>>> print(open('work_36.pdb').read())   # PDB, C-alpha atoms, pLDDT in the B column
ATOM      1  CA  MET F   1       0.086 -12.950  -0.697  1.00 95.00           C
ATOM      2  CA  HIS F   2      -2.836 -12.605  -3.071  1.00 97.00           C
ATOM      3  CA  THR F   3      -3.098 -13.664  -6.703  1.00 97.00           C
ATOM      4  CA  VAL F   4      -4.598 -11.055  -8.980  1.00 97.00           C
ATOM      5  CA  TYR F   5      -5.239 -10.942 -12.704  1.00 96.00           C
ATOM      6  CA  LEU F   6      -5.076  -7.633 -14.534  1.00 97.00           C
ATOM      7  CA  SER F   7      -6.103  -6.717 -18.059  1.00 94.00           C
ATOM      8  CA  LEU F   8      -4.032  -4.139 -19.945  1.00 96.00           C
ATOM      9  CA  GLY F   9      -4.953  -2.187 -23.046  1.00 92.00           C
ATOM     10  CA  SER F  10      -3.659   0.711 -25.126  1.00 93.00           C
ATOM     11  CA  ASN F  11      -4.823   2.295 -28.372  1.00 89.00           C
ATOM     12  CA  LEU F  12      -2.862   5.554 -28.512  1.00 90.00           C
ATOM     13  CA  GLY F  13       0.789   6.298 -29.187  1.00 90.00           C
ATOM     14  CA  ASP F  14       3.379   3.536 -29.055  1.00 95.00           C
ATOM     15  CA  LYS F  15       0.978   0.859 -27.824  1.00 93.00           C
ATOM     16  CA  GLU F  16       3.631  -1.814 -27.313  1.00 96.00           C
ATOM     17  CA  GLN F  17       5.774   0.559 -25.261  1.00 97.00           C
ATOM     18  CA  ASN F  18       2.717   1.690 -23.277  1.00 96.00           C
ATOM     19  CA  LEU F  19       1.960  -1.913 -22.308  1.00 97.00           C
ATOM     20  CA  ALA F  20       5.616  -2.626 -21.531  1.00 97.00           C
ATOM     21  CA  SER F  21       5.768   0.465 -19.308  1.00 97.00           C
ATOM     22  CA  ALA F  22       2.595  -0.595 -17.509  1.00 97.00           C
ATOM     23  CA  VAL F  23       3.973  -4.093 -16.909  1.00 97.00           C
ATOM     24  CA  SER F  24       7.194  -2.603 -15.547  1.00 97.00           C
ATOM     25  CA  GLU F  25       5.307  -0.271 -13.196  1.00 97.00           C
ATOM     26  CA  ILE F  26       3.018  -3.087 -12.030  1.00 98.00           C
ATOM     27  CA  ALA F  27       6.099  -5.132 -11.125  1.00 98.00           C
ATOM     28  CA  ARG F  28       7.621  -2.160  -9.318  1.00 97.00           C
ATOM     29  CA  ARG F  29       4.556  -0.948  -7.415  1.00 97.00           C
ATOM     30  CA  ILE F  30       2.172  -3.881  -7.068  1.00 98.00           C
ATOM     31  CA  GLY F  31       4.053  -7.166  -6.875  1.00 98.00           C
ATOM     32  CA  ASP F  32       5.748 -10.029  -8.641  1.00 97.00           C
ATOM     33  CA  ILE F  33       4.436 -10.766 -12.126  1.00 97.00           C
ATOM     34  CA  THR F  34       4.196 -14.544 -12.328  1.00 97.00           C
ATOM     35  CA  ALA F  35       2.720 -14.732 -15.846  1.00 97.00           C
ATOM     36  CA  GLN F  36       2.204 -12.425 -18.800  1.00 97.00           C
ATOM     37  CA  SER F  37       0.219 -13.111 -21.950  1.00 96.00           C
ATOM     38  CA  ALA F  38       1.236 -12.239 -25.454  1.00 93.00           C
ATOM     39  CA  PHE F  39       0.087  -8.878 -26.798  1.00 94.00           C
ATOM     40  CA  ILE F  40      -2.930  -9.163 -29.097  1.00 90.00           C
ATOM     41  CA  GLU F  41      -4.374  -6.567 -31.459  1.00 91.00           C
ATOM     42  CA  THR F  42      -8.115  -6.009 -31.130  1.00 84.00           C
ATOM     43  CA  GLU F  43     -10.841  -3.695 -32.322  1.00 80.00           C
ATOM     44  CA  PRO F  44     -12.310  -1.099 -29.937  1.00 76.00           C
ATOM     45  CA  TRP F  45     -15.170  -2.437 -27.826  1.00 69.00           C
ATOM     46  CA  GLY F  46     -18.184  -0.335 -26.857  1.00 66.00           C
ATOM     47  CA  TYR F  47     -17.366   2.687 -29.021  1.00 63.00           C
ATOM     48  CA  ASP F  48     -16.126   3.693 -32.468  1.00 73.00           C
ATOM     49  CA  SER F  49     -12.477   4.580 -33.010  1.00 76.00           C
ATOM     50  CA  LYS F  50     -10.038   4.378 -35.880  1.00 84.00           C
ATOM     51  CA  ASN F  51      -7.381   3.179 -33.411  1.00 84.00           C
ATOM     52  CA  THR F  52      -7.041  -0.544 -32.725  1.00 88.00           C
ATOM     53  CA  PHE F  53      -6.017  -1.782 -29.301  1.00 88.00           C
ATOM     54  CA  LEU F  54      -3.111  -3.812 -28.099  1.00 93.00           C
ATOM     55  CA  ASN F  55      -4.200  -5.941 -25.130  1.00 94.00           C
ATOM     56  CA  ALA F  56      -2.573  -8.295 -22.632  1.00 96.00           C
ATOM     57  CA  ALA F  57      -3.103  -9.819 -19.211  1.00 96.00           C
ATOM     58  CA  VAL F  58      -0.795 -10.364 -16.260  1.00 97.00           C
ATOM     59  CA  ARG F  59      -0.949 -12.513 -13.140  1.00 97.00           C
ATOM     60  CA  VAL F  60       0.546 -10.792 -10.102  1.00 98.00           C
ATOM     61  CA  GLU F  61       1.305 -11.847  -6.539  1.00 98.00           C
ATOM     62  CA  THR F  62       0.616  -8.872  -4.273  1.00 98.00           C
ATOM     63  CA  GLU F  63       0.235  -7.882  -0.654  1.00 98.00           C
ATOM     64  CA  LEU F  64      -2.065  -4.982  -1.563  1.00 98.00           C
ATOM     65  CA  SER F  65      -5.703  -5.022  -0.508  1.00 96.00           C
ATOM     66  CA  PRO F  66      -8.281  -4.818  -3.314  1.00 96.00           C
ATOM     67  CA  ILE F  67      -8.869  -1.084  -2.801  1.00 95.00           C
ATOM     68  CA  ASP F  68      -5.130  -0.356  -2.544  1.00 97.00           C
ATOM     69  CA  LEU F  69      -4.648  -2.365  -5.741  1.00 96.00           C
ATOM     70  CA  LEU F  70      -7.301  -0.258  -7.477  1.00 94.00           C
ATOM     71  CA  HIS F  71      -5.640   2.959  -6.353  1.00 96.00           C
ATOM     72  CA  ALA F  72      -2.215   1.691  -7.451  1.00 97.00           C
ATOM     73  CA  THR F  73      -3.459   0.749 -10.933  1.00 95.00           C
ATOM     74  CA  GLN F  74      -5.195   4.099 -11.303  1.00 93.00           C
ATOM     75  CA  GLN F  75      -2.013   5.937 -10.267  1.00 94.00           C
ATOM     76  CA  ILE F  76       0.014   3.962 -12.815  1.00 96.00           C
ATOM     77  CA  GLU F  77      -2.512   4.946 -15.497  1.00 92.00           C
ATOM     78  CA  ARG F  78      -2.208   8.622 -14.541  1.00 92.00           C
ATOM     79  CA  ASP F  79       1.585   8.465 -14.376  1.00 93.00           C
ATOM     80  CA  LEU F  80       1.693   6.926 -17.861  1.00 93.00           C
ATOM     81  CA  GLY F  81      -0.454   9.733 -19.259  1.00 82.00           C
ATOM     82  CA  ARG F  82      -4.092   8.710 -18.938  1.00 75.00           C
ATOM     83  CA  THR F  83      -6.095  11.854 -18.274  1.00 71.00           C
ATOM     84  CA  HIS F  84      -9.610  10.492 -17.664  1.00 64.00           C
ATOM     85  CA  LYS F  85     -11.428   7.248 -17.016  1.00 64.00           C
ATOM     86  CA  SER F  86     -14.443   5.991 -18.917  1.00 59.00           C
ATOM     87  CA  ARG F  87     -17.696   6.670 -17.113  1.00 56.00           C
ATOM     88  CA  HIS F  88     -21.226   5.355 -17.536  1.00 51.00           C
ATOM     89  CA  GLY F  89     -20.461   3.386 -20.687  1.00 56.00           C
ATOM     90  CA  GLN F  90     -18.747   6.326 -22.399  1.00 63.00           C
ATOM     91  CA  TYR F  91     -15.461   4.857 -23.604  1.00 65.00           C
ATOM     92  CA  HIS F  92     -12.563   6.852 -25.047  1.00 69.00           C
ATOM     93  CA  ASP F  93      -9.235   6.204 -26.723  1.00 71.00           C
ATOM     94  CA  ARG F  94      -6.561   5.763 -24.071  1.00 80.00           C
ATOM     95  CA  ILE F  95      -2.830   5.558 -23.648  1.00 87.00           C
ATOM     96  CA  ILE F  96      -3.260   2.838 -21.019  1.00 92.00           C
ATOM     97  CA  ASP F  97      -6.078   1.001 -19.318  1.00 91.00           C
ATOM     98  CA  ILE F  98      -5.538  -1.379 -16.407  1.00 94.00           C
ATOM     99  CA  ASP F  99      -8.520  -3.350 -15.127  1.00 91.00           C
ATOM    100  CA  ILE F 100      -8.662  -5.689 -12.154  1.00 93.00           C
ATOM    101  CA  LEU F 101     -10.224  -8.905 -13.401  1.00 91.00           C
ATOM    102  CA  LEU F 102      -9.829 -11.287 -10.458  1.00 93.00           C
ATOM    103  CA  TYR F 103      -8.461 -11.078  -6.920  1.00 96.00           C
ATOM    104  CA  ASP F 104      -8.052 -14.510  -5.339  1.00 96.00           C
ATOM    105  CA  ASP F 105     -11.588 -15.880  -5.227  1.00 93.00           C
ATOM    106  CA  LEU F 106     -13.101 -12.691  -3.791  1.00 87.00           C
ATOM    107  CA  HIS F 107     -16.405 -11.230  -4.875  1.00 94.00           C
ATOM    108  CA  ILE F 108     -16.610  -7.505  -4.156  1.00 91.00           C
ATOM    109  CA  GLN F 109     -19.251  -5.019  -5.197  1.00 92.00           C
ATOM    110  CA  THR F 110     -18.898  -1.434  -4.042  1.00 91.00           C
ATOM    111  CA  PRO F 111     -19.533   1.856  -5.840  1.00 88.00           C
ATOM    112  CA  GLU F 112     -15.777   2.083  -6.476  1.00 87.00           C
ATOM    113  CA  LEU F 113     -14.822  -1.507  -7.239  1.00 89.00           C
ATOM    114  CA  THR F 114     -16.411  -4.694  -8.573  1.00 85.00           C
ATOM    115  CA  ILE F 115     -14.490  -7.990  -8.602  1.00 91.00           C
ATOM    116  CA  PRO F 116     -14.667 -10.158 -10.656  1.00 89.00           C
ATOM    117  CA  HIS F 117     -14.728  -7.558 -13.412  1.00 79.00           C
ATOM    118  CA  PRO F 118     -18.420  -7.365 -14.410  1.00 74.00           C
ATOM    119  CA  LEU F 119     -17.902  -7.273 -18.196  1.00 75.00           C
ATOM    120  CA  MET F 120     -14.945  -9.599 -18.679  1.00 74.00           C
ATOM    121  CA  GLN F 121     -17.110 -12.498 -19.920  1.00 76.00           C
ATOM    122  CA  GLN F 122     -18.321 -10.288 -22.786  1.00 74.00           C
ATOM    123  CA  ARG F 123     -14.860  -9.237 -23.941  1.00 73.00           C
ATOM    124  CA  ASN F 124     -12.681 -11.551 -26.002  1.00 75.00           C
ATOM    125  CA  PHE F 125      -9.835  -9.031 -25.707  1.00 77.00           C
ATOM    126  CA  VAL F 126      -9.884  -9.878 -21.997  1.00 78.00           C
ATOM    127  CA  LEU F 127     -10.691 -13.591 -22.158  1.00 77.00           C
ATOM    128  CA  ILE F 128      -8.087 -14.613 -24.738  1.00 84.00           C
ATOM    129  CA  PRO F 129      -5.073 -13.197 -22.826  1.00 92.00           C
ATOM    130  CA  LEU F 130      -6.568 -14.283 -19.497  1.00 88.00           C
ATOM    131  CA  LYS F 131      -6.996 -17.871 -20.640  1.00 91.00           C
ATOM    132  CA  GLU F 132      -3.342 -17.903 -21.707  1.00 90.00           C
ATOM    133  CA  ILE F 133      -2.103 -17.170 -18.167  1.00 94.00           C
ATOM    134  CA  MET F 134      -4.716 -18.817 -15.912  1.00 88.00           C
ATOM    135  CA  LYS F 135      -3.349 -21.393 -13.463  1.00 69.00           C
TER
END
>>> encode(input="work_36.pdb", output="structure tokens")
Amino acid sequence: MHTVYLSLGSNLGDKEQNLASAVSEIARRIGDITAQSAFIETEPWGYDSKNTFLNAAVRVETELSPIDLLHATQQIERDLGRTHKSRHGQYHDRIIDIDILLYDDLHIQTPELTIPHPLMQQRNFVLIPLKEIMK
């Protein structure tokens, strides 16, 4: 089993329900959730929007490989209504965003996946929930 930390965010629709649905799908498709942070409201980061975010983090025990985990989180996003990912620093409002922050103590850098998440140290909306659930 592998320990992974995921960041969750939503700034469209029923944000609390979006996060709750994501948590439920993570438990169903990825593995056992062993910790979940409180939901926190934050301002958009990296772009202007009138919509605030609701953010959280979860710790999950999974058998999935890093790339399978990425594909699973992306499928959950699509299934919950996300229509496009941010690219090249162009961020958008989103129903749900799931980012892989940490996967055991692995360091991975490929065109498709970077672990640890390269920007997490710059984002309090990631660090505050993450600190709450770190072992």
>>> resolve_selection(input="work_36.pdb", expression="the PyMOL selection byres ((chain F and resi 3-5) around 12)", output="PyMOL selection string")
chain F and resi 1-2+6-8+26+30-37+56-66+69-70+73+98-106+115-117+120+126-127+129-135
>>> atom_distance(input="work_36.pdb", atom1="atom CA of F:Glu112", atom2="atom CA of F:Gly9")
20.2 Å
>>> closest_residue(input="work_36.pdb", among="F:Leu19, F:Leu113, F:Ile96, F:Ala27", to="F:Thr83", atoms="all atoms listed in the file")
F:Ile96
>>> atom_distance(input="work_36.pdb", atom1="atom CA of F:Gln109", atom2="atom CA of F:Ile67")
11.4 Å
>>> atom_distance(input="work_36.pdb", atom1="atom CA of F:Ser24", atom2="atom CA of F:Thr110")
28.5 Å
>>> axis_aligned_box(input="work_36.pdb", around="stretch 96-110 of chain F", padding_each_side="5 Å", output="JSON")
{"center_x": -11.3, "center_y": -6.5, "center_z": -12.4, "size_x": 26.0, "size_y": 28.7, "size_z": 27.2}
